[in-house]
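Data from run-v3.csv: CSV, N, CA, C and O atoms
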chain,number,residue,atom,x,y,z
A,10,MET,N,-18.0,50.6,55.2
A,10,MET,CA,-17.7,52.0,55.3
A,10,MET,C,-16.3,52.3,55.1
A,10,MET,O,-15.9,53.3,54.4
A,11,ILE,N,-15.4,51.5,55.7
A,11,ILE,CA,-14.0,51.8,55.6
A,11,ILE,C,-13.5,51.6,54.1
A,11,ILE,O,-12.7,52.3,53.6
A,12,GLY,N,-14.1,50.6,53.4
A,12,GLY,CA,-13.8,50.4,52.0
A,12,GLY,C,-14.1,51.6,51.2
A,12,GLY,O,-13.4,52.0,50.3
A,13,LYS,N,-15.2,52.2,51.5
A,13,LYS,CA,-15.7,53.4,50.8
A,13,LYS,C,-14.7,54.6,51.0
A,13,LYS,O,-14.3,55.3,50.1
A,14,ILE,N,-14.2,54.7,52.3
A,14,ILE,CA,-13.3,55.8,52.6
A,14,ILE,C,-11.9,55.5,51.9
A,14,ILE,O,-11.4,56.5,51.3
A,15,ILE,N,-11.5,54.3,51.8
A,15,ILE,CA,-10.2,54.0,51.1
A,15,ILE,C,-10.4,54.3,49.7
A,15,ILE,O,-9.5,54.9,49.1
A,16,GLY,N,-11.5,53.9,49.1
A,16,GLY,CA,-11.7,54.2,47.6
A,16,GLY,C,-11.7,55.6,47.3
A,16,GLY,O,-11.1,56.1,46.3
A,17,LEU,N,-12.4,56.4,48.1
A,17,LEU,CA,-12.5,57.8,47.9
A,17,LEU,C,-11.2,58.5,48.1
A,17,LEU,O,-10.8,59.4,47.3
A,18,PHE,N,-10.5,58.1,49.1
A,18,PHE,CA,-9.1,58.7,49.4
A,18,PHE,C,-8.2,58.4,48.2
A,18,PHE,O,-7.5,59.3,47.7
A,19,SER,N,-8.2,57.2,47.8
A,19,SER,CA,-7.3,56.8,46.7
A,19,SER,C,-7.7,57.6,45.4
A,19,SER,O,-6.8,58.0,44.6
A,20,LYS,N,-9.0,57.7,45.1
A,20,LYS,CA,-9.5,58.4,44.0
A,20,LYS,C,-9.0,59.8,44.0
A,20,LYS,O,-8.6,60.4,43.0
A,21,ASP,N,-9.1,60.4,45.2
A,21,ASP,CA,-8.7,61.8,45.3
A,21,ASP,C,-7.2,62.0,45.1
A,21,ASP,O,-6.8,63.0,44.4
A,22,ILE,N,-6.4,61.1,45.6
A,22,ILE,CA,-5.0,61.2,45.3
A,22,ILE,C,-4.7,61.1,43.8
A,22,ILE,O,-3.9,61.9,43.3
A,23,LEU,N,-5.3,60.1,43.1
A,23,LEU,CA,-5.0,60.0,41.7
A,23,LEU,C,-5.5,61.2,40.9
A,23,LEU,O,-4.9,61.6,40.0
A,24,GLU,N,-6.7,61.7,41.3
A,24,GLU,CA,-7.2,62.9,40.6
A,24,GLU,C,-6.2,64.1,40.8
A,24,GLU,O,-5.9,64.8,39.8
A,25,ASP,N,-5.7,64.3,42.0
A,25,ASP,CA,-4.7,65.4,42.2
A,25,ASP,C,-3.4,65.1,41.4
A,25,ASP,O,-2.9,66.1,40.9
A,26,PHE,N,-3.0,63.9,41.4
A,26,PHE,CA,-1.8,63.5,40.6
A,26,PHE,C,-2.0,63.9,39.1
A,26,PHE,O,-1.1,64.5,38.5
A,27,GLU,N,-3.2,63.5,38.6
A,27,GLU,CA,-3.5,63.8,37.2
A,27,GLU,C,-3.5,65.3,36.9
A,27,GLU,O,-3.2,65.7,35.8
A,28,LYS,N,-4.0,66.1,37.9
A,28,LYS,CA,-4.0,67.5,37.7
A,28,LYS,C,-2.6,68.1,37.7
A,28,LYS,O,-2.3,69.0,36.9
A,29,ASP,N,-1.8,67.6,38.6
A,29,ASP,CA,-0.4,68.1,38.6
A,29,ASP,C,0.5,67.6,37.5
A,29,ASP,O,1.4,68.3,37.1
A,30,PHE,N,0.2,66.4,37.0
A,30,PHE,CA,1.0,65.7,36.0
A,30,PHE,C,0.1,65.1,34.9
A,30,PHE,O,0.0,63.9,34.8
A,31,PRO,N,-0.5,66.0,34.1
A,31,PRO,CA,-1.4,65.5,33.1
A,31,PRO,C,-0.7,64.5,32.1
A,31,PRO,O,0.4,64.7,31.8
A,32,LYS,N,-1.4,63.5,31.7
A,32,LYS,CA,-1.0,62.5,30.7
A,32,LYS,C,0.1,61.6,31.2
A,32,LYS,O,0.5,60.7,30.5
A,33,VAL,N,0.7,61.8,32.4
A,33,VAL,CA,1.8,60.9,32.8
A,33,VAL,C,1.2,59.5,33.1
A,33,VAL,O,1.8,58.5,32.7
A,34,PHE,N,0.2,59.5,33.9
A,34,PHE,CA,-0.4,58.2,34.3
A,34,PHE,C,-0.9,57.4,33.1
A,34,PHE,O,-0.7,56.1,33.1
A,35,THR,N,-1.4,58.1,32.2
A,35,THR,CA,-2.0,57.3,31.0
A,35,THR,C,-0.9,56.8,30.1
A,35,THR,O,-1.2,55.9,29.3
A,36,THR,N,0.3,57.3,30.2
A,36,THR,CA,1.4,56.8,29.3
A,36,THR,C,2.1,55.6,29.9
A,36,THR,O,2.8,54.9,29.2
A,37,ILE,N,1.7,55.3,31.1
A,37,ILE,CA,2.3,54.1,31.8
A,37,ILE,C,1.5,52.8,31.4
A,37,ILE,O,0.2,52.9,31.2
A,38,GLU,N,2.1,51.7,31.2
A,38,GLU,CA,1.4,50.5,30.8
A,38,GLU,C,0.4,50.1,31.8
A,38,GLU,O,0.5,50.4,33.0
A,39,LYS,N,-0.6,49.4,31.4
A,39,LYS,CA,-1.8,49.0,32.2
A,39,LYS,C,-1.3,48.2,33.4
A,39,LYS,O,-1.8,48.4,34.5
A,40,GLU,N,-0.4,47.3,33.2
A,40,GLU,CA,0.1,46.4,34.3
A,40,GLU,C,0.8,47.3,35.4
A,40,GLU,O,0.7,47.0,36.6
A,41,GLU,N,1.6,48.3,34.9
A,41,GLU,CA,2.2,49.2,35.9
A,41,GLU,C,1.2,50.0,36.6
A,41,GLU,O,1.4,50.3,37.8
A,42,GLN,N,0.2,50.5,35.9
A,42,GLN,CA,-0.9,51.2,36.5
A,42,GLN,C,-1.5,50.4,37.6
A,42,GLN,O,-1.8,50.9,38.7
A,43,LYS,N,-1.8,49.1,37.4
A,43,LYS,CA,-2.4,48.2,38.4
A,43,LYS,C,-1.5,48.1,39.6
A,43,LYS,O,-1.9,48.1,40.7
A,44,ARG,N,-0.1,48.0,39.4
A,44,ARG,CA,0.8,47.9,40.5
A,44,ARG,C,0.8,49.2,41.3
A,44,ARG,O,0.9,49.2,42.5
A,45,ILE,N,0.8,50.3,40.6
A,45,ILE,CA,0.7,51.6,41.3
A,45,ILE,C,-0.5,51.7,42.1
A,45,ILE,O,-0.5,52.1,43.3
A,46,ASN,N,-1.7,51.4,41.5
A,46,ASN,CA,-3.0,51.4,42.3
A,46,ASN,C,-3.0,50.5,43.5
A,46,ASN,O,-3.4,50.9,44.6
A,47,LYS,N,-2.4,49.3,43.3
A,47,LYS,CA,-2.3,48.4,44.4
A,47,LYS,C,-1.5,48.9,45.6
A,47,LYS,O,-1.9,48.9,46.7
A,48,LYS,N,-0.3,49.5,45.2
A,48,LYS,CA,0.6,50.1,46.3
A,48,LYS,C,-0.1,51.3,46.9
A,48,LYS,O,0.0,51.4,48.1
A,49,LEU,N,-0.7,52.1,46.1
A,49,LEU,CA,-1.4,53.3,46.6
A,49,LEU,C,-2.5,52.9,47.6
A,49,LEU,O,-2.6,53.4,48.7
A,50,ASN,N,-3.3,51.9,47.3
A,50,ASN,CA,-4.4,51.4,48.2
A,50,ASN,C,-3.8,50.8,49.4
A,50,ASN,O,-4.3,51.1,50.5
A,51,SER,N,-2.7,50.2,49.3
A,51,SER,CA,-2.0,49.6,50.5
A,51,SER,C,-1.6,50.7,51.4
A,51,SER,O,-1.7,50.7,52.7
A,52,LEU,N,-1.0,51.8,50.9
A,52,LEU,CA,-0.5,52.9,51.7
A,52,LEU,C,-1.7,53.7,52.3
A,52,LEU,O,-1.7,54.1,53.5
A,53,VAL,N,-2.8,53.8,51.5
A,53,VAL,CA,-4.0,54.5,52.0
A,53,VAL,C,-4.6,53.7,53.2
A,53,VAL,O,-5.0,54.3,54.2
A,54,ILE,N,-4.6,52.4,53.1
A,54,ILE,CA,-5.1,51.5,54.2
A,54,ILE,C,-4.3,51.7,55.4
A,54,ILE,O,-4.8,51.9,56.5
A,55,ASN,N,-3.0,51.8,55.3
A,55,ASN,CA,-2.1,52.0,56.4
A,55,ASN,C,-2.4,53.3,57.1
A,55,ASN,O,-2.4,53.4,58.3
A,56,VAL,N,-2.5,54.4,56.3
A,56,VAL,CA,-2.8,55.7,56.8
A,56,VAL,C,-4.1,55.7,57.6
A,56,VAL,O,-4.2,56.3,58.7
A,57,ILE,N,-5.2,55.2,57.0
A,57,ILE,CA,-6.5,55.2,57.6
A,57,ILE,C,-6.5,54.4,58.9
A,57,ILE,O,-7.0,54.8,59.9
A,58,LYS,N,-5.8,53.2,58.9
A,58,LYS,CA,-5.8,52.4,60.1
A,58,LYS,C,-5.1,53.1,61.2
A,58,LYS,O,-5.5,53.1,62.3
A,59,GLU,N,-4.0,53.8,60.9
A,59,GLU,CA,-3.2,54.6,61.9
A,59,GLU,C,-4.1,55.7,62.4
A,59,GLU,O,-4.1,55.9,63.6
A,60,GLU,N,-4.8,56.4,61.6
A,60,GLU,CA,-5.7,57.5,62.0
A,60,GLU,C,-6.8,56.9,62.9
A,60,GLU,O,-7.1,57.5,63.9
A,61,LEU,N,-7.4,55.8,62.5
A,61,LEU,CA,-8.5,55.2,63.3
A,61,LEU,C,-8.0,54.7,64.7
A,61,LEU,O,-8.7,54.8,65.7
A,62,MET,N,-6.8,54.2,64.7
A,62,MET,CA,-6.2,53.7,66.0
A,62,MET,C,-5.9,54.8,66.9
A,62,MET,O,-5.9,54.6,68.1
A,63,THR,N,-5.5,56.0,66.4
A,63,THR,CA,-5.2,57.1,67.3
A,63,THR,C,-6.3,58.0,67.5
A,63,THR,O,-6.2,59.0,68.2
A,64,LEU,N,-7.5,57.7,67.0
A,64,LEU,CA,-8.7,58.5,67.1
A,64,LEU,C,-9.2,58.4,68.6
A,64,LEU,O,-9.3,57.3,69.2
A,65,LYS,N,-9.4,59.6,69.2
A,65,LYS,CA,-9.9,59.6,70.6
A,65,LYS,C,-11.3,60.0,70.6
A,65,LYS,O,-11.7,61.0,69.9
A,66,MET,N,-12.1,59.3,71.3
A,66,MET,CA,-13.5,59.6,71.4
A,66,MET,C,-13.9,60.0,72.7
A,66,MET,O,-13.4,59.6,73.7

What is this structure when it is put down as structure tokens?
Amino acid sequence: MIGKIIGLFSKDILEDFEKDFPKVFTTIEKEEQKRINKKLNSLVINVIKEELMTLKM
């Protein structure tokens, strides 16, 4: 379930970026795109972990 949340969150961020800056991401080399995606996923994981740790039930 957490993996699905991470994937959807990352996808949403990239879609918003593409709306704000059309064609920018596609002009970047594939290897650089992979590094950006990897870093983005890492940041998303940190945000989600922090939110889940501070979640009060």

Kindly indicate which residue among A:Phe26, A:Val53, A:Lys39, A:Pro31 lies nearest to Ile14 of chain A, using all atoms listed in the file for the distances. A:Val53

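The coordinates place atom CA of Leu23 of chain A at 11.0 Å from atom CA of Gln42 of chain A.
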
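Here atom O of Ile57 of chain A and atom C of Leu17 of chain A stand 13.1 Å from one another.
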
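Atom pair atom N of Lys47 of chain A / atom N of Ser19 of chain A: separated by 10.8 Å.
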
Could you pull out the alpha helix (DSSP H) residues of chain A, going by DSSP on the backbone, and write them as a PyMOL selection string? chain A and resi 11-29+33-36+39-62

Would you be able to write out as an mmCIF file with N, CA, C and O atoms, in the coordinates of the input which residues have an atom within 12 Å of (-10.4, 55.4, 62.2) in the file's coordinates, counting only C-alpha atoms?
data_model
loop_
_atom_site.group_PDB
_atom_site.id
_atom_site.type_symbol
_atom_site.label_atom_id
_atom_site.label_comp_id
_atom_site.auth_asym_id
_atom_site.auth_seq_id
_atom_site.Cartn_x
_atom_site.Cartn_y
_atom_site.Cartn_z
ATOM 1 N N MET A 10 -18.000 50.600 55.200
ATOM 2 C CA MET A 10 -17.700 52.000 55.300
ATOM 3 C C MET A 10 -16.300 52.300 55.100
ATOM 4 O O MET A 10 -15.900 53.300 54.400
ATOM 5 N N ILE A 11 -15.400 51.500 55.700
ATOM 6 C CA ILE A 11 -14.000 51.800 55.600
ATOM 7 C C ILE A 11 -13.500 51.600 54.100
ATOM 8 O O ILE A 11 -12.700 52.300 53.600
ATOM 9 N N GLY A 12 -14.100 50.600 53.400
ATOM 10 C CA GLY A 12 -13.800 50.400 52.000
ATOM 11 C C GLY A 12 -14.100 51.600 51.200
ATOM 12 O O GLY A 12 -13.400 52.000 50.300
ATOM 13 N N ILE A 14 -14.200 54.700 52.300
ATOM 14 C CA ILE A 14 -13.300 55.800 52.600
ATOM 15 C C ILE A 14 -11.900 55.500 51.900
ATOM 16 O O ILE A 14 -11.400 56.500 51.300
ATOM 17 N N ILE A 15 -11.500 54.300 51.800
ATOM 18 C CA ILE A 15 -10.200 54.000 51.100
ATOM 19 C C ILE A 15 -10.400 54.300 49.700
ATOM 20 O O ILE A 15 -9.500 54.900 49.100
ATOM 21 N N ILE A 54 -4.600 52.400 53.100
ATOM 22 C CA ILE A 54 -5.100 51.500 54.200
ATOM 23 C C ILE A 54 -4.300 51.700 55.400
ATOM 24 O O ILE A 54 -4.800 51.900 56.500
ATOM 25 N N ASN A 55 -3.000 51.800 55.300
ATOM 26 C CA ASN A 55 -2.100 52.000 56.400
ATOM 27 C C ASN A 55 -2.400 53.300 57.100
ATOM 28 O O ASN A 55 -2.400 53.400 58.300
ATOM 29 N N VAL A 56 -2.500 54.400 56.300
ATOM 30 C CA VAL A 56 -2.800 55.700 56.800
ATOM 31 C C VAL A 56 -4.100 55.700 57.600
ATOM 32 O O VAL A 56 -4.200 56.300 58.700
ATOM 33 N N ILE A 57 -5.200 55.200 57.000
ATOM 34 C CA ILE A 57 -6.500 55.200 57.600
ATOM 35 C C ILE A 57 -6.500 54.400 58.900
ATOM 36 O O ILE A 57 -7.000 54.800 59.900
ATOM 37 N N LYS A 58 -5.800 53.200 58.900
ATOM 38 C CA LYS A 58 -5.800 52.400 60.100
ATOM 39 C C LYS A 58 -5.100 53.100 61.200
ATOM 40 O O LYS A 58 -5.500 53.100 62.300
ATOM 41 N N GLU A 59 -4.000 53.800 60.900
ATOM 42 C CA GLU A 59 -3.200 54.600 61.900
ATOM 43 C C GLU A 59 -4.100 55.700 62.400
ATOM 44 O O GLU A 59 -4.100 55.900 63.600
ATOM 45 N N GLU A 60 -4.800 56.400 61.600
ATOM 46 C CA GLU A 60 -5.700 57.500 62.000
ATOM 47 C C GLU A 60 -6.800 56.900 62.900
ATOM 48 O O GLU A 60 -7.100 57.500 63.900
ATOM 49 N N LEU A 61 -7.400 55.800 62.500
ATOM 50 C CA LEU A 61 -8.500 55.200 63.300
ATOM 51 C C LEU A 61 -8.000 54.700 64.700
ATOM 52 O O LEU A 61 -8.700 54.800 65.700
ATOM 53 N N MET A 62 -6.800 54.200 64.700
ATOM 54 C CA MET A 62 -6.200 53.700 66.000
ATOM 55 C C MET A 62 -5.900 54.800 66.900
ATOM 56 O O MET A 62 -5.900 54.600 68.100
ATOM 57 N N THR A 63 -5.500 56.000 66.400
ATOM 58 C CA THR A 63 -5.200 57.100 67.300
ATOM 59 C C THR A 63 -6.300 58.000 67.500
ATOM 60 O O THR A 63 -6.200 59.000 68.200
ATOM 61 N N LEU A 64 -7.500 57.700 67.000
ATOM 62 C CA LEU A 64 -8.700 58.500 67.100
ATOM 63 C C LEU A 64 -9.200 58.400 68.600
ATOM 64 O O LEU A 64 -9.300 57.300 69.200
ATOM 65 N N LYS A 65 -9.400 59.600 69.200
ATOM 66 C CA LYS A 65 -9.900 59.600 70.600
ATOM 67 C C LYS A 65 -11.300 60.000 70.600
ATOM 68 O O LYS A 65 -11.700 61.000 69.900
ATOM 69 N N MET A 66 -12.100 59.300 71.300
ATOM 70 C CA MET A 66 -13.500 59.600 71.400
ATOM 71 C C MET A 66 -13.900 60.000 72.700
ATOM 72 O O MET A 66 -13.400 59.600 73.700
#
